[in-house]
Amino acid sequence: MSTRTPHTEAGLAGGDSAVETPGDPTATGVPVSRARTVWRSWRGLVYQLAGILLAFLALVIWLLTANLSPIVLTTLAPGALWVYTVEHIQLTLLAAVIVLVIAIPLGIALTRRPLRFLTAPVLAIANFGQAAPAIGVVVLLAFWVGFGFWAATLSLVLYAALPVLRNTMVGLQQVDARLIEAGRGMGMSSAAVLFRVELPLAVPVMLSGVRTALVLLVGTAALATFVNGGGLGILITTGVNLSLTPVLVTGALLVALLALLIDWVGRVVEHIARPKGL
Amino acid sequence: MSEYIASNPAESSSTEESVTPTGITGASILLDHVTKRFPGQARPAVDGLTMEIPAGKIVMLVGPSGCGKTTTLKMINRLIEPTEGRIVVDGDDVTDMNGDTLRRGIGYVIQAGGLFPHMTVATNIGIVPKMLGWDKARIAARVDELLELVSLDPALYRDRYPKELSGGQQQRVGVARALAADPPVLLMDEPFGAVDPITRLRLQDELINIQEELQKTIVCVTHDFDEAVKLGDWIAIFNEGAQLVQYDTPERILGDPANEFVENFIGSGAGLKQLTLTRVAEVSLSDAVVGKPGERAADVLARVVETGHGHAVIVDERRRPIQWLSARQLGRLEVISDVPDPKLPLVGKRATLNDALDTMLVSSAGAALVTGRRDMFKGVIDVQTVMDAITRSQSAAVLESDQAPVGLNTGLFQAQVSAAEADLIETDPSGADARSVQ
């Protein structure tokens, strides 16, 4: 729809473009087709949310109807579950905020001219670091900085910073160099080009990096329990240690659903924040 | 000799200002002994180039790829900083001023328009005015004015995003954006390289029209020699290291290439290319016997015989030609009908002689009807008119030669600069341009 044949172009170019345009598919369409386009773009997101809610409902119904032992019921008391979940989210969000504050400016700095020579090596390290096992990072760091909430947060930050850093750099790199040149050629300062051209155009890639990091964080935060960091991971360890399968399953499912929910929120933000015209 | 030239350009630009005819909104540009060396390259990309660009003219920079023509262009707005030398725009040395401020005052058009995809057409065009602190109403009015200028309906296109435009339309918006703050100088880097041939021709015609209206100084890089001939008032042909091989009018370059390099660059068909230099409006047309529908054919035939013509042109009430009847056809008719003949050999007065000749060759009469504004009949053009025009433009080109602006290299390869060019500079260093009289 964006490319037109030379023939049409020649027709449009012929002075009176107003006459030609009603046949143009890009002209503002009738409201009905617009509503349909909106629905099409949101359809996937609506299905994803519905799936998450259904799965959660199924979990709740199963917990209410299954014949569970008293120990399981105590462990899975709604109040306790809520505390674990809040801890888990706190851990995730705190790590995410720290990641954003560190990784995005770092990614921008590494793609500026004075540091551009570092772009390739840093990208290589980021890709490599991504392959390191999370549990190793969490436990090793705990031995270094001590056990507890902050140790867990630090290791999560280190782990999740990589995708954000990588996508920030890739997102900025893939901006058409000619657009940057056009901006500079019009007299925009390098800062103006960064904020008005490069960053807006890098937003989709950057946001998908942030979403990846968040999902990664929700999953990795389950490992925080090994260093006494709290979160839903405790259900999984308890379930394994005491052979309480319902607890194990509930913990695992809650982590998975939380990750999917965060992923959904990320997708919604991406959908809204994506610059128009791309 | 080099001292002489070094002292000269400042004078020449000042003399030029005094002779600048009114209507020209462009500014003269001077590259004064400009050299660019990129780190890690043995040979400079641009080597001691001195070049004068007269105000209000289109100067085309052409040459093989990697010859430094784009580097030269980008040094004018200092997107690329010169290693040595001075850049003078409108008599002011801009070599050391703030680059961003300088660039806000110079329009810049790149291939495919270089529009920002996340901004609407209006926002794209309004970027420079916004940076200059214009208020919203003024920017909006300017955007509409510019869209009209590049033949896009503001109401339809203002709020579109670039991806909703065709390549040609994007390029138009790119030109509009460069003109937004009414800069005296417009730099274009292969502006029409990314569009199909038909669109390219239209855009070129439109640029000529816009230039006629605005009279900016336009410096345009292209690798297409035909484009250079069509658009350029002056053509600068570069060889490697931005060695100016020839800097002259299209007529002179086609009629009297400086050396074999230029000849090869022109390619075959130099004579035919000269036909593209003159427009139908610039040659004298022959009169024709004019008749109207409803007239008695015998009356028209009588007039045809009386004036010694072979044909009569039938025009409608708005003087648009509808038929072209030979004496024989008139003899067979009773009353002249008002049915238009769809196969009339028509050319607009803005068409080049090349187009006119093409139309003539396929028409049975060996001539073509020329129409002007609102398709009104203007006269008849025939092969003889074209031949005369060519002869005249060839002799005129020789006369024009001593009006050429300064252009030479003083770098290591100076020996390559043709002696003829060096002579030119001595005889007339001023950039005054005879073509503006036309």
# chains A, B, ... in the order shown; residues from 1 in each chain; ligands from 1
call {"tool": "residues_around", "arguments": {"residues": "Leu235 of chain A", "least_positions_apart": "4", "cutoff": "10 Å", "atoms": "only C-alpha atoms", "output": "ChimeraX atom specification"}}
result
/A:75-76,81,84,222,225,231,239-241,244,246-252,254-255
call {"tool": "closest_atom_pairs", "arguments": {"of": "chain B", "to": "chain A", "cutoff": "7 Å", "atoms": "only C-alpha atoms", "output": "CSV"}}
result
residue,atom,partner,partner_atom,distance
B:Leu79,CA,A:Gly185,CA,6.5
B:Asp100,CA,A:Gly187,CA,4.2
B:Thr101,CA,A:Gly187,CA,6.2
B:Arg103,CA,A:Gly187,CA,4.4
B:Arg104,CA,A:Gly187,CA,4.5
B:Gly107,CA,A:Met186,CA,6.8
B:Tyr108,CA,A:Gly185,CA,5.9
B:Ile110,CA,A:Ala182,CA,7.0
B:Gly114,CA,A:Leu179,CA,5.5
B:Phe116,CA,A:Leu179,CA,6.6
B:Pro117,CA,A:Gly277,CA,5.8
B:His118,CA,A:Gly277,CA,5.0
B:Met119,CA,A:Gly277,CA,7.0
B:Val128,CA,A:Met186,CA,6.7
B:Ser151,CA,A:Gly15,CA,6.3
B:Leu152,CA,A:Ser17,CA,6.6
B:Asp153,CA,A:Ala18,CA,6.5
B:Tyr161,CA,A:Gly277,CA,5.2
B:Lys163,CA,A:Ser2,CA,5.7
B:Glu164,CA,A:Ser2,CA,5.6
B:Leu165,CA,A:Ser2,CA,6.9
B:Ser166,CA,A:Arg4,CA,6.0
B:Gly168,CA,A:Glu9,CA,6.9
B:Asp196,CA,A:Pro6,CA,6.4
B:Ile198,CA,A:Ala10,CA,6.6
B:Thr199,CA,A:Ala10,CA,5.9
call {"tool": "write_last_selection", "arguments": {"atoms": "N, CA and C atoms", "output": "compact mmCIF listing (two decimals), in the first residue's frame"}}
result
# COMPACT_ATOMS: atom_id res chain seq x y z
N LEU B 79 28.55 20.16 6.56
CA LEU B 79 28.27 18.82 7.10
C LEU B 79 29.59 18.08 7.15
N ASP B 100 25.50 24.54 12.97
CA ASP B 100 24.05 24.35 13.00
C ASP B 100 23.32 25.61 12.55
N THR B 101 23.81 26.76 13.01
CA THR B 101 23.20 28.04 12.60
C THR B 101 23.34 28.22 11.10
N ARG B 103 23.64 25.90 8.82
CA ARG B 103 22.80 24.94 8.08
C ARG B 103 21.33 25.30 8.14
N ARG B 104 20.89 26.00 9.22
CA ARG B 104 19.49 26.41 9.25
C ARG B 104 19.19 27.43 8.16
N GLY B 107 19.12 25.41 2.56
CA GLY B 107 18.24 24.27 2.31
C GLY B 107 19.04 23.04 1.92
N TYR B 108 18.56 21.87 2.32
CA TYR B 108 19.32 20.65 2.04
C TYR B 108 18.35 19.55 1.64
N ILE B 110 18.06 15.59 0.14
CA ILE B 110 18.81 14.38 -0.17
C ILE B 110 17.93 13.42 -0.96
N GLY B 114 14.48 12.10 2.28
CA GLY B 114 14.99 12.02 3.66
C GLY B 114 13.98 12.49 4.68
N PHE B 116 11.35 12.43 7.75
CA PHE B 116 11.30 11.66 8.99
C PHE B 116 9.99 10.88 9.02
N PRO B 117 10.07 9.55 9.06
CA PRO B 117 8.86 8.74 8.89
C PRO B 117 7.86 8.90 10.04
N HIS B 118 8.34 9.35 11.22
CA HIS B 118 7.42 9.45 12.35
C HIS B 118 6.79 10.83 12.47
N MET B 119 7.02 11.67 11.48
CA MET B 119 6.41 12.99 11.52
C MET B 119 5.53 13.17 10.29
N VAL B 128 12.54 23.36 10.34
CA VAL B 128 13.48 24.50 10.40
C VAL B 128 12.79 25.77 10.91
N SER B 151 3.05 21.59 -5.87
CA SER B 151 1.88 20.96 -6.50
C SER B 151 1.30 19.81 -5.69
N LEU B 152 1.23 19.98 -4.37
CA LEU B 152 0.51 19.00 -3.56
C LEU B 152 -0.60 19.77 -2.84
N ASP B 153 -1.81 19.21 -2.84
CA ASP B 153 -2.93 19.87 -2.21
C ASP B 153 -2.73 19.84 -0.68
N TYR B 161 1.49 10.81 6.66
CA TYR B 161 2.85 10.39 7.02
C TYR B 161 3.60 10.03 5.74
N LYS B 163 5.13 7.54 4.64
CA LYS B 163 4.92 6.24 4.00
C LYS B 163 3.62 6.21 3.20
N GLU B 164 2.75 7.20 3.45
CA GLU B 164 1.50 7.26 2.68
C GLU B 164 1.67 8.05 1.39
N LEU B 165 2.91 8.42 1.08
CA LEU B 165 3.17 9.17 -0.15
C LEU B 165 3.97 8.30 -1.11
N SER B 166 3.83 8.59 -2.41
CA SER B 166 4.67 7.90 -3.38
C SER B 166 6.07 8.50 -3.35
N GLY B 168 7.77 10.05 -5.60
CA GLY B 168 7.83 11.38 -6.18
C GLY B 168 7.25 12.43 -5.23
N ASP B 196 11.36 6.85 -10.33
CA ASP B 196 11.36 6.26 -11.67
C ASP B 196 11.54 7.36 -12.73
N ILE B 198 9.96 8.50 -15.33
CA ILE B 198 8.87 9.42 -15.70
C ILE B 198 8.71 10.48 -14.62
N THR B 199 8.67 10.02 -13.37
CA THR B 199 8.54 10.95 -12.26
C THR B 199 9.73 11.90 -12.22
call {"tool": "select_by_dssp", "arguments": {"residues": "segment 333-416 of chain B", "states": "helix (DSSP H, G or I)", "output": "count of residues only"}}
result
37
